[in-house]
Structures are given as structure tokens and as C-alpha cells.
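Peer 1: Dropping in structure_34.cif, which is mmCIF, C-alpha atoms and all ligand atoms:
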```
data_input
#
loop_
_atom_site.label_atom_id
_atom_site.label_comp_id
_atom_site.auth_asym_id
_atom_site.auth_seq_id
_atom_site.Cartn_x
_atom_site.Cartn_y
_atom_site.Cartn_z
CA MET A 1 -20.87 40.52 -21.07
CA PHE A 2 -19.01 43.29 -19.39
CA SER A 3 -16.34 44.98 -21.47
CA SER A 4 -13.90 44.50 -18.60
CA SER A 5 -12.99 41.24 -16.97
CA VAL A 6 -15.01 40.18 -13.95
CA ARG A 7 -13.16 40.16 -10.66
CA THR A 8 -13.70 37.64 -7.97
CA GLN A 9 -12.02 39.48 -5.11
CA ALA A 10 -13.00 43.10 -4.57
CA HIS A 11 -14.28 43.09 -1.03
CA SER A 12 -11.17 44.64 0.47
CA LEU A 13 -11.12 47.57 -1.96
CA PRO A 14 -12.35 51.06 -1.09
CA GLN A 15 -16.00 51.69 -1.73
CA ASN A 16 -17.42 53.92 -4.36
CA LEU A 17 -18.42 57.05 -2.46
CA LEU A 18 -21.76 57.46 -4.25
CA LEU A 19 -22.81 53.93 -3.39
CA ALA A 20 -21.58 54.44 0.16
CA SER A 21 -23.77 57.54 0.51
CA LEU A 22 -27.00 55.74 -0.41
CA PRO A 23 -29.53 54.94 2.32
CA ALA A 24 -29.58 51.24 3.15
CA ASP A 25 -32.92 50.57 1.45
CA ALA A 26 -31.78 52.23 -1.79
CA PHE A 27 -28.47 50.38 -1.79
CA ALA A 28 -30.29 47.10 -1.18
CA ARG A 29 -32.16 47.56 -4.46
CA ILE A 30 -29.02 47.58 -6.58
CA ALA A 31 -26.57 45.57 -4.45
CA PRO A 32 -27.66 42.15 -5.78
CA HIS A 33 -26.98 43.30 -9.34
CA LEU A 34 -23.53 44.83 -8.81
CA THR A 35 -20.58 42.91 -10.21
CA PRO A 36 -16.94 43.80 -9.57
CA VAL A 37 -14.95 44.33 -12.76
CA ASP A 38 -11.39 45.30 -13.54
CA LEU A 39 -10.84 48.53 -15.42
CA HIS A 40 -7.80 48.35 -17.67
CA ALA A 41 -6.07 51.48 -18.92
CA GLY A 42 -7.24 51.99 -22.48
CA ASP A 43 -10.59 50.18 -22.14
CA VAL A 44 -13.37 52.05 -23.92
CA LEU A 45 -16.49 51.85 -21.74
CA ALA A 46 -18.75 54.04 -23.87
CA GLU A 47 -18.71 55.53 -27.35
CA ALA A 48 -20.34 58.80 -28.30
CA GLY A 49 -23.62 57.85 -29.92
CA GLY A 50 -23.36 54.25 -28.73
CA ALA A 51 -25.97 52.38 -26.71
CA VAL A 52 -25.28 52.16 -22.99
CA LYS A 53 -25.48 48.62 -21.64
CA HIS A 54 -23.64 48.91 -18.35
CA VAL A 55 -23.13 51.49 -15.64
CA TYR A 56 -19.87 51.65 -13.68
CA PHE A 57 -19.24 52.82 -10.12
CA PRO A 58 -15.42 53.02 -9.84
CA GLN A 59 -13.78 52.05 -6.58
CA SER A 60 -10.33 52.95 -7.84
CA GLY A 61 -8.80 54.12 -11.10
CA VAL A 62 -9.89 56.96 -13.34
CA ILE A 63 -12.23 57.12 -16.34
CA SER A 64 -11.91 60.09 -18.70
CA LEU A 65 -14.82 61.47 -20.69
CA VAL A 66 -13.31 62.67 -23.92
CA VAL A 67 -14.27 64.30 -27.15
CA GLU A 68 -12.40 62.87 -30.13
CA MET A 69 -11.32 65.45 -32.66
CA ALA A 70 -10.97 64.82 -36.39
CA ALA A 71 -7.17 64.97 -36.08
CA GLY A 72 -7.27 62.10 -33.61
CA GLN A 73 -6.68 64.13 -30.46
CA ASN A 74 -8.77 63.24 -27.41
CA VAL A 75 -9.80 66.27 -25.39
CA GLU A 76 -10.84 65.47 -21.84
CA THR A 77 -14.04 67.05 -20.56
CA ALA A 78 -14.43 65.34 -17.19
CA MET A 79 -12.93 62.67 -14.94
CA ILE A 80 -14.88 59.97 -13.14
CA GLY A 81 -13.42 58.18 -10.15
CA ARG A 82 -14.52 56.76 -6.83
CA ASP A 83 -16.74 59.78 -6.19
CA GLY A 84 -18.73 59.26 -9.39
CA VAL A 85 -20.50 56.92 -11.78
CA LEU A 86 -20.25 56.36 -15.54
CA ASN A 87 -23.25 56.06 -17.88
CA ALA A 88 -25.97 56.52 -15.25
CA GLY A 89 -27.73 59.40 -16.99
CA ALA A 90 -27.73 57.70 -20.37
CA ALA A 91 -28.94 54.44 -18.80
CA LEU A 92 -31.85 56.09 -17.00
CA ASP A 93 -32.93 57.82 -20.18
CA GLY A 94 -32.67 54.55 -22.08
CA LYS A 95 -30.71 56.35 -24.71
CA VAL A 96 -27.15 56.62 -25.95
CA SER A 97 -23.94 57.96 -24.45
CA LEU A 98 -23.06 61.49 -25.46
CA SER A 99 -19.38 61.03 -24.63
CA ARG A 100 -16.56 58.61 -25.26
CA ALA A 101 -15.38 57.11 -21.98
CA VAL A 102 -11.86 55.68 -21.73
CA VAL A 103 -10.20 54.14 -18.70
CA ARG A 104 -7.26 56.45 -18.08
CA PHE A 105 -5.80 54.65 -15.07
CA SER A 106 -6.46 51.06 -14.18
CA GLY A 107 -8.64 50.19 -11.22
CA VAL A 108 -11.77 48.36 -10.14
CA ALA A 109 -15.46 49.22 -10.47
CA MET A 110 -18.81 47.82 -9.49
CA ALA A 111 -20.84 47.39 -12.67
CA ILE A 112 -24.57 46.96 -13.15
CA ALA A 113 -26.58 46.25 -16.29
CA SER A 114 -28.53 49.29 -17.44
CA ASP A 115 -31.92 47.56 -17.27
CA LYS A 116 -31.26 46.52 -13.68
CA LEU A 117 -30.34 50.06 -12.74
CA ILE A 118 -33.54 51.36 -14.36
CA GLU A 119 -35.58 48.87 -12.31
CA ALA A 120 -33.82 49.82 -9.09
CA ALA A 121 -34.14 53.56 -9.72
CA ALA A 122 -37.84 53.19 -10.51
CA GLY A 123 -38.37 51.92 -6.99
CA SER A 124 -36.16 54.39 -5.14
CA ASP A 125 -36.45 58.17 -5.16
CA ASP A 126 -33.14 58.40 -3.27
CA LEU A 127 -31.25 56.42 -5.89
CA ARG A 128 -32.82 58.23 -8.85
CA SER A 129 -32.20 61.62 -7.27
CA LEU A 130 -28.54 60.86 -6.50
CA LEU A 131 -27.86 59.68 -10.05
CA LEU A 132 -29.53 62.70 -11.61
CA ARG A 133 -27.67 65.10 -9.33
CA HIS A 134 -24.41 63.42 -10.30
CA GLU A 135 -25.23 63.98 -13.98
CA GLN A 136 -25.69 67.67 -13.25
CA VAL A 137 -22.24 67.78 -11.64
CA LEU A 138 -20.73 66.09 -14.70
CA LEU A 139 -22.36 68.64 -16.97
CA ALA A 140 -21.04 71.47 -14.82
CA GLU A 141 -17.55 69.94 -14.89
CA ALA A 142 -17.63 69.67 -18.70
CA GLN A 143 -18.82 73.26 -19.06
CA GLN A 144 -16.10 74.47 -16.71
CA ALA A 145 -13.47 72.44 -18.61
CA ALA A 146 -14.48 74.12 -21.87
CA ALA A 147 -14.15 77.56 -20.33
CA CYS A 148 -10.89 76.59 -18.59
CA ASN A 149 -9.28 75.26 -21.77
CA ALA A 150 -10.19 78.44 -23.60
CA SER A 151 -9.16 80.90 -20.90
CA HIS A 152 -6.52 79.57 -18.53
CA ARG A 153 -2.80 78.98 -18.93
CA THR A 154 -1.10 75.59 -18.70
CA GLY A 155 0.34 76.13 -15.20
CA PRO A 156 -2.97 76.82 -13.44
CA ARG A 157 -4.66 74.04 -15.42
CA LEU A 158 -1.96 71.59 -14.33
CA CYS A 159 -2.61 72.56 -10.70
CA LYS A 160 -6.34 71.98 -11.17
CA TRP A 161 -5.75 68.58 -12.74
CA LEU A 162 -3.36 67.45 -9.99
CA LEU A 163 -5.80 68.50 -7.28
CA ARG A 164 -8.67 66.63 -8.92
CA MET A 165 -6.54 63.51 -9.35
CA ARG A 166 -5.51 63.74 -5.70
CA ASP A 167 -9.16 63.80 -4.68
CA ILE A 168 -10.00 60.77 -6.79
CA ALA A 169 -6.95 58.81 -5.66
CA GLY A 170 -7.10 59.83 -2.00
CA ASN A 171 -3.34 59.81 -2.33
CA ASP A 172 -0.53 62.35 -2.67
CA ASN A 173 1.49 60.05 -4.95
CA LEU A 174 0.21 59.99 -8.52
CA MET A 175 1.84 57.57 -10.92
CA VAL A 176 1.59 59.62 -14.07
CA THR A 177 4.03 60.47 -16.84
CA GLN A 178 4.50 63.86 -18.43
CA ASP A 179 3.02 62.42 -21.63
CA ASP A 180 -0.11 61.52 -19.65
CA LEU A 181 -0.25 65.02 -18.22
CA ALA A 182 0.14 66.63 -21.63
CA GLU A 183 -2.65 64.56 -23.17
CA MET A 184 -5.09 65.04 -20.31
CA ILE A 185 -4.51 68.76 -20.09
CA GLY A 186 -4.52 69.10 -23.86
CA VAL A 187 -1.13 70.77 -24.32
CA THR A 188 2.30 69.81 -25.62
CA ARG A 189 4.81 67.85 -23.58
CA PRO A 190 7.29 70.80 -23.42
CA SER A 191 4.54 73.03 -22.04
CA VAL A 192 3.82 70.52 -19.28
CA THR A 193 7.51 70.16 -18.49
CA ILE A 194 7.88 73.92 -18.01
CA ALA A 195 4.78 74.12 -15.81
CA ALA A 196 5.78 71.08 -13.74
CA ASN A 197 9.30 72.46 -13.24
CA GLU A 198 7.85 75.71 -11.90
CA LEU A 199 5.70 73.79 -9.41
CA GLN A 200 8.71 71.73 -8.41
CA LYS A 201 10.83 74.84 -7.78
CA ALA A 202 8.01 76.29 -5.68
CA GLY A 203 8.02 73.15 -3.53
CA CYS A 204 4.46 72.17 -4.45
CA ILE A 205 5.33 68.87 -6.11
CA GLY A 206 8.17 66.49 -6.68
CA TYR A 207 8.55 64.47 -9.86
CA ARG A 208 10.63 61.36 -10.21
CA ARG A 209 10.43 58.27 -12.38
CA GLY A 210 6.84 58.70 -13.43
CA VAL A 211 5.50 59.62 -9.99
CA VAL A 212 4.23 63.06 -9.13
CA GLN A 213 4.31 63.60 -5.37
CA ILE A 214 2.18 66.41 -4.04
CA PHE A 215 3.90 68.20 -1.17
CA ASP A 216 1.73 71.30 -0.87
CA ALA A 217 -1.92 71.00 -1.93
CA ALA A 218 -2.66 74.48 -0.56
CA GLY A 219 0.11 75.82 -2.77
CA LEU A 220 -1.45 74.13 -5.79
CA LYS A 221 -4.81 75.69 -4.94
CA ALA A 222 -3.18 79.09 -4.67
CA ARG A 223 -1.47 78.71 -8.04
CA GLY A 224 -4.38 76.98 -9.79
CA CYS A 225 -7.24 78.58 -11.63
CA GLU A 226 -10.62 79.02 -9.97
CA CYS A 227 -12.09 76.06 -11.90
CA TYR A 228 -11.11 73.41 -9.35
CA GLY A 229 -12.90 75.19 -6.52
CA ILE A 230 -15.97 75.94 -8.63
CA VAL A 231 -16.48 72.33 -9.70
CA GLN A 232 -15.78 70.98 -6.21
CA GLY A 233 -18.32 73.45 -4.87
CA HIS A 234 -20.91 72.07 -7.29
CA ARG A 235 -20.00 68.53 -6.31
CA THR A 236 -20.34 69.18 -2.61
CA ALA A 237 -23.60 71.11 -3.04
CA MET A 238 -25.19 68.42 -5.20
CA LEU A 239 -23.76 65.24 -3.73
CA GLY A 240 -22.99 66.15 -0.14
CA PRO A 241 -19.88 66.73 1.94
CA HIS A 242 -18.74 63.12 1.50
CA ALA A 243 -17.21 64.13 -1.83
CA PRO A 244 -14.45 64.89 -2.51
CA VAL A 245 -12.31 62.92 -0.16
CA ALA A 246 -8.62 63.63 -0.17
CA GLY A 247 -6.20 62.83 2.56
CA PRO A 248 -4.78 59.61 3.89
CA PRO A 249 -3.46 57.32 1.17
CA ALA A 250 -6.11 54.91 -0.01
CA VAL A 251 -5.28 53.68 -3.48
CA ALA A 252 -2.46 54.95 -5.64
CA VAL A 253 -3.54 56.04 -9.06
CA SER A 254 -1.46 53.96 -11.38
CA GLY A 255 -1.37 52.45 -14.80
CA ARG A 256 -0.07 53.63 -18.09
CA SER A 257 -2.60 55.35 -20.29
CA ARG A 258 -2.92 54.42 -23.92
CA ARG A 259 -3.86 56.65 -26.77
CA HIS A 260 -7.07 56.09 -28.71
ZN ZN B 1 -9.43 76.87 -15.21
#
```
Once more with this new file: its structure as C-alpha cells, please.
Ligand SMILES: [Zn+2]
Peer 2:
Amino acid sequence: MFSSSVRTQAHSLPQNLLLASLPADAFARIAPHLTPVDLHAGDVLAEAGGAVKHVYFPQSGVISLVVEMAAGQNVETAMIGRDGVLNAGAALDGKVSLSRAVVRFSGVAMAIASDKLIEAAAGSDDLRSLLLRHEQVLLAEAQQAAACNASHRTGPRLCKWLLRMRDIAGNDNLMVTQDDLAEMIGVTRPSVTIAANELQKAGCIGYRRGVVQIFDAAGLKARGCECYGIVQGHRTAMLGPHAPVAGPPAVAVSGRSRRH
């Protein structure tokens, strides 16, 4: 059983960009085993140290990889959206997840049982290579996040986060509260409010009723830390120019996150 409910209508939704980048023969190996599932904000798709049974290719929505601290705080290390996949590395190794994975914003994914993915990857160098390269990007993102959290101020980190969310959503309108922002960036709500107000005054974003509207992505890049560009460079080098994709509205990132 999948941990999220099975969907019956997902054909009109945007594709996962990793799946879309596979050669036809590689995609044909896993296509029969893919099942559309809903991702609900707050769903836990993997636990640190837990066995991995399913692998998820999001089409929309956002999954956060988090480290849970003793005090109960979840610190985000990476985000997985339509340009990524959850649990692939752990599935291929036949081992356990090293991270907790929580659906941050609701969406839809194509899911495949781990044993089916192992079978498909065993017969396709293209598929195995793509999944392993994606794991390297995730590791690079987590390493960069650790350095960023230790070195960079809230304002530049907020810019980085907004740019990454824009890439995943393919949309300039992000339905996200300041509480969401504070938790994902790992700072207090007042700190986020100050940083967001500065970006608003600079004309980079607008914020109203739980929606952040990005007016000036170039301005966010100029004000952000170097971490966004570094990770995107890794992603493009390892996965190809198809990722990231930001631009015309595709699917609004929406859904209220829940604390775990
Ligand atoms: Zn940074």
C-alpha cells in the first residue's frame, strides 16, 4: 500500500522532469509500474533509518528532506519537486532512508515499488545513471544547505528559498505563509517578516494573504547568497539543461504545511 491515496486521474498534470528526460526504452521499463498518488501536506514518505518501500517522482507539490532535532525542530536539508525523485538512492541500495521526508506542499507524484525500480534499473544503464546522478545532486544540495545555514543571513537565504520554490512550481505565485517560510528557512517568524518586508520594499516580491508573488527574480538572485546558483549549477551539470524549469505558470505551489 502506498502511504498516499491512489489517484485515478493524473494524465493532465505536468510530468516529472526526470521521467520526461529518460530515453523511451528506459521509460518503458518503469512506466507499467508507475502509479499516480496524491501527496498531502504533512504526509511522511520516509523516516530516517526506516526501510524504503516506494519511490516517488513528484509532478507537483514539494517534499522536504529534514533532520529532526531533539527539541522537535525540523531542519530542512533539501527540497524535492518535479525536477527530482524521492528514495531512489536508498531503493537501489536496498537499504534504509537516511533522511526524514515530509510533504511540505500538496501535489501529485508517480510512485513505484522499490523492488520494481530495482528490476527496471538493472536492465537500463540510462535509468540507473540518471538516478545515481540525482542522488549526487541531493547530496550536494544538503552540503550546501549546511554551509548556508551556518554562514548566510536570513535575507539572502530567503531569496535562495524563493528562487528554488519558483523553479519547482514553475510559477511566480507561491502560496506560502510566513510561518512556513520561518520553518523552512530555520529562523524565527519576526526574522522572516523583516527580510520579506525588505524584499517587498525593493520591489522583488509582493506578499498578500498567504501568497508570495515574485516580481523580480533577477533581483532575488542579486540579493541572494551564492548557494542557489551553486546548487543549480550542479543540477544542470548532472541532470542536463532540462532542470530547473522556471517560467510560465504551470502548477501553483499550494497547501498548508503541518509541523511534525
Ligand atoms: Zn547560502
Peer 1: Name each residue within 10 Å of ligand ZN 1 (chain B), counting all atoms listed in the file, as JSON, numbers by chain.
Peer 2: {"A": [144, 145, 146, 147, 148, 149, 150, 151, 152, 153, 154, 155, 156, 157, 158, 159, 160, 161, 224, 225, 226, 227, 228, 229, 230]}
Peer 1: Report the distance between atom CA of Lys201 of chain A and atom CA of Gln178 of chain A in Å, rounded to one decimal place.
Peer 2: 16.6 Å
Peer 1: Using only C-alpha atoms, which of A:Leu19, A:Val66, A:Ala26, A:Val103 sits nearest Val44 of chain A?
Peer 2: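 Once distances to Val44 of chain A are computed over only C-alpha atoms, the minimum belongs to A:Val103.
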Peer 1: At what distance in Å, to one decimal, does atom CA of Val176 of chain A lie from atom CA of Glu135 of chain A?
Peer 2: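 Those two atoms sit 27.2 Å apart.
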Peer 1: Residues near Val85 of chain A, anyone? I mean within 12 Å using all atoms listed in the file, not counting same-chain ones fewer than 6 positions away, as JSON, numbers by chain.
Peer 2: {"A": [16, 17, 18, 19, 45, 54, 55, 56, 57, 58, 59, 60, 62, 63, 64, 65, 78, 79, 91, 101, 109, 110, 111, 112, 130, 131, 132, 133, 134, 135, 137, 138]}
Peer 1: Because the input lacks atoms here, generate N, CA and C atoms for segment 218-240 of chain A and report them as a CSV table (one decimal), in the coordinates of the input.
Peer 2:
```
chain,number,residue,atom,x,y,z
A,218,ALA,N,-2.2,73.1,-0.7
A,218,ALA,CA,-2.7,74.5,-0.6
A,218,ALA,C,-1.9,75.4,-1.6
A,219,GLY,N,-0.7,75.1,-1.8
A,219,GLY,CA,0.1,75.8,-2.8
A,219,GLY,C,-0.4,75.6,-4.2
A,220,LEU,N,-0.8,74.4,-4.5
A,220,LEU,CA,-1.4,74.1,-5.8
A,220,LEU,C,-2.8,74.9,-5.9
A,221,LYS,N,-3.5,74.9,-4.9
A,221,LYS,CA,-4.8,75.7,-4.9
A,221,LYS,C,-4.5,77.2,-5.2
A,222,ALA,N,-3.5,77.7,-4.5
A,222,ALA,CA,-3.2,79.1,-4.7
A,222,ALA,C,-2.7,79.4,-6.1
A,223,ARG,N,-2.0,78.5,-6.7
A,223,ARG,CA,-1.5,78.7,-8.0
A,223,ARG,C,-2.4,78.3,-9.1
A,224,GLY,N,-3.4,77.5,-8.8
A,224,GLY,CA,-4.4,77.0,-9.8
A,224,GLY,C,-5.4,78.0,-10.2
A,225,CYS,N,-6.1,77.7,-11.2
A,225,CYS,CA,-7.2,78.6,-11.6
A,225,CYS,C,-8.4,78.3,-10.7
A,226,GLU,N,-9.5,79.1,-10.9
A,226,GLU,CA,-10.6,79.0,-10.0
A,226,GLU,C,-11.5,77.8,-10.3
A,227,CYS,N,-11.2,77.1,-11.4
A,227,CYS,CA,-12.1,76.1,-11.9
A,227,CYS,C,-12.2,74.9,-10.9
A,228,TYR,N,-11.1,74.5,-10.3
A,228,TYR,CA,-11.1,73.4,-9.4
A,228,TYR,C,-12.1,73.7,-8.2
A,229,GLY,N,-12.0,74.9,-7.6
A,229,GLY,CA,-12.9,75.2,-6.5
A,229,GLY,C,-14.4,75.3,-6.9
A,230,ILE,N,-14.6,75.8,-8.1
A,230,ILE,CA,-16.0,75.9,-8.6
A,230,ILE,C,-16.6,74.6,-8.8
A,231,VAL,N,-15.9,73.7,-9.5
A,231,VAL,CA,-16.5,72.3,-9.7
A,231,VAL,C,-16.6,71.6,-8.4
A,232,GLN,N,-15.6,71.7,-7.5
A,232,GLN,CA,-15.8,71.0,-6.2
A,232,GLN,C,-16.9,71.6,-5.4
A,233,GLY,N,-17.2,72.8,-5.5
A,233,GLY,CA,-18.3,73.4,-4.9
A,233,GLY,C,-19.6,72.9,-5.4
A,234,HIS,N,-19.7,72.7,-6.7
A,234,HIS,CA,-20.9,72.1,-7.3
A,234,HIS,C,-21.1,70.6,-6.8
A,235,ARG,N,-19.9,69.9,-6.7
A,235,ARG,CA,-20.0,68.5,-6.3
A,235,ARG,C,-20.5,68.4,-4.9
A,236,THR,N,-19.9,69.3,-4.0
A,236,THR,CA,-20.3,69.2,-2.6
A,236,THR,C,-21.8,69.6,-2.4
A,237,ALA,N,-22.2,70.6,-3.2
A,237,ALA,CA,-23.6,71.1,-3.0
A,237,ALA,C,-24.6,70.1,-3.5
A,238,MET,N,-24.2,69.4,-4.6
A,238,MET,CA,-25.2,68.4,-5.2
A,238,MET,C,-25.1,67.0,-4.6
A,239,LEU,N,-23.9,66.6,-4.2
A,239,LEU,CA,-23.8,65.2,-3.7
A,239,LEU,C,-23.5,65.1,-2.2
A,240,GLY,N,-23.2,66.2,-1.6
A,240,GLY,CA,-23.0,66.2,-0.1
A,240,GLY,C,-21.5,66.3,0.2
```
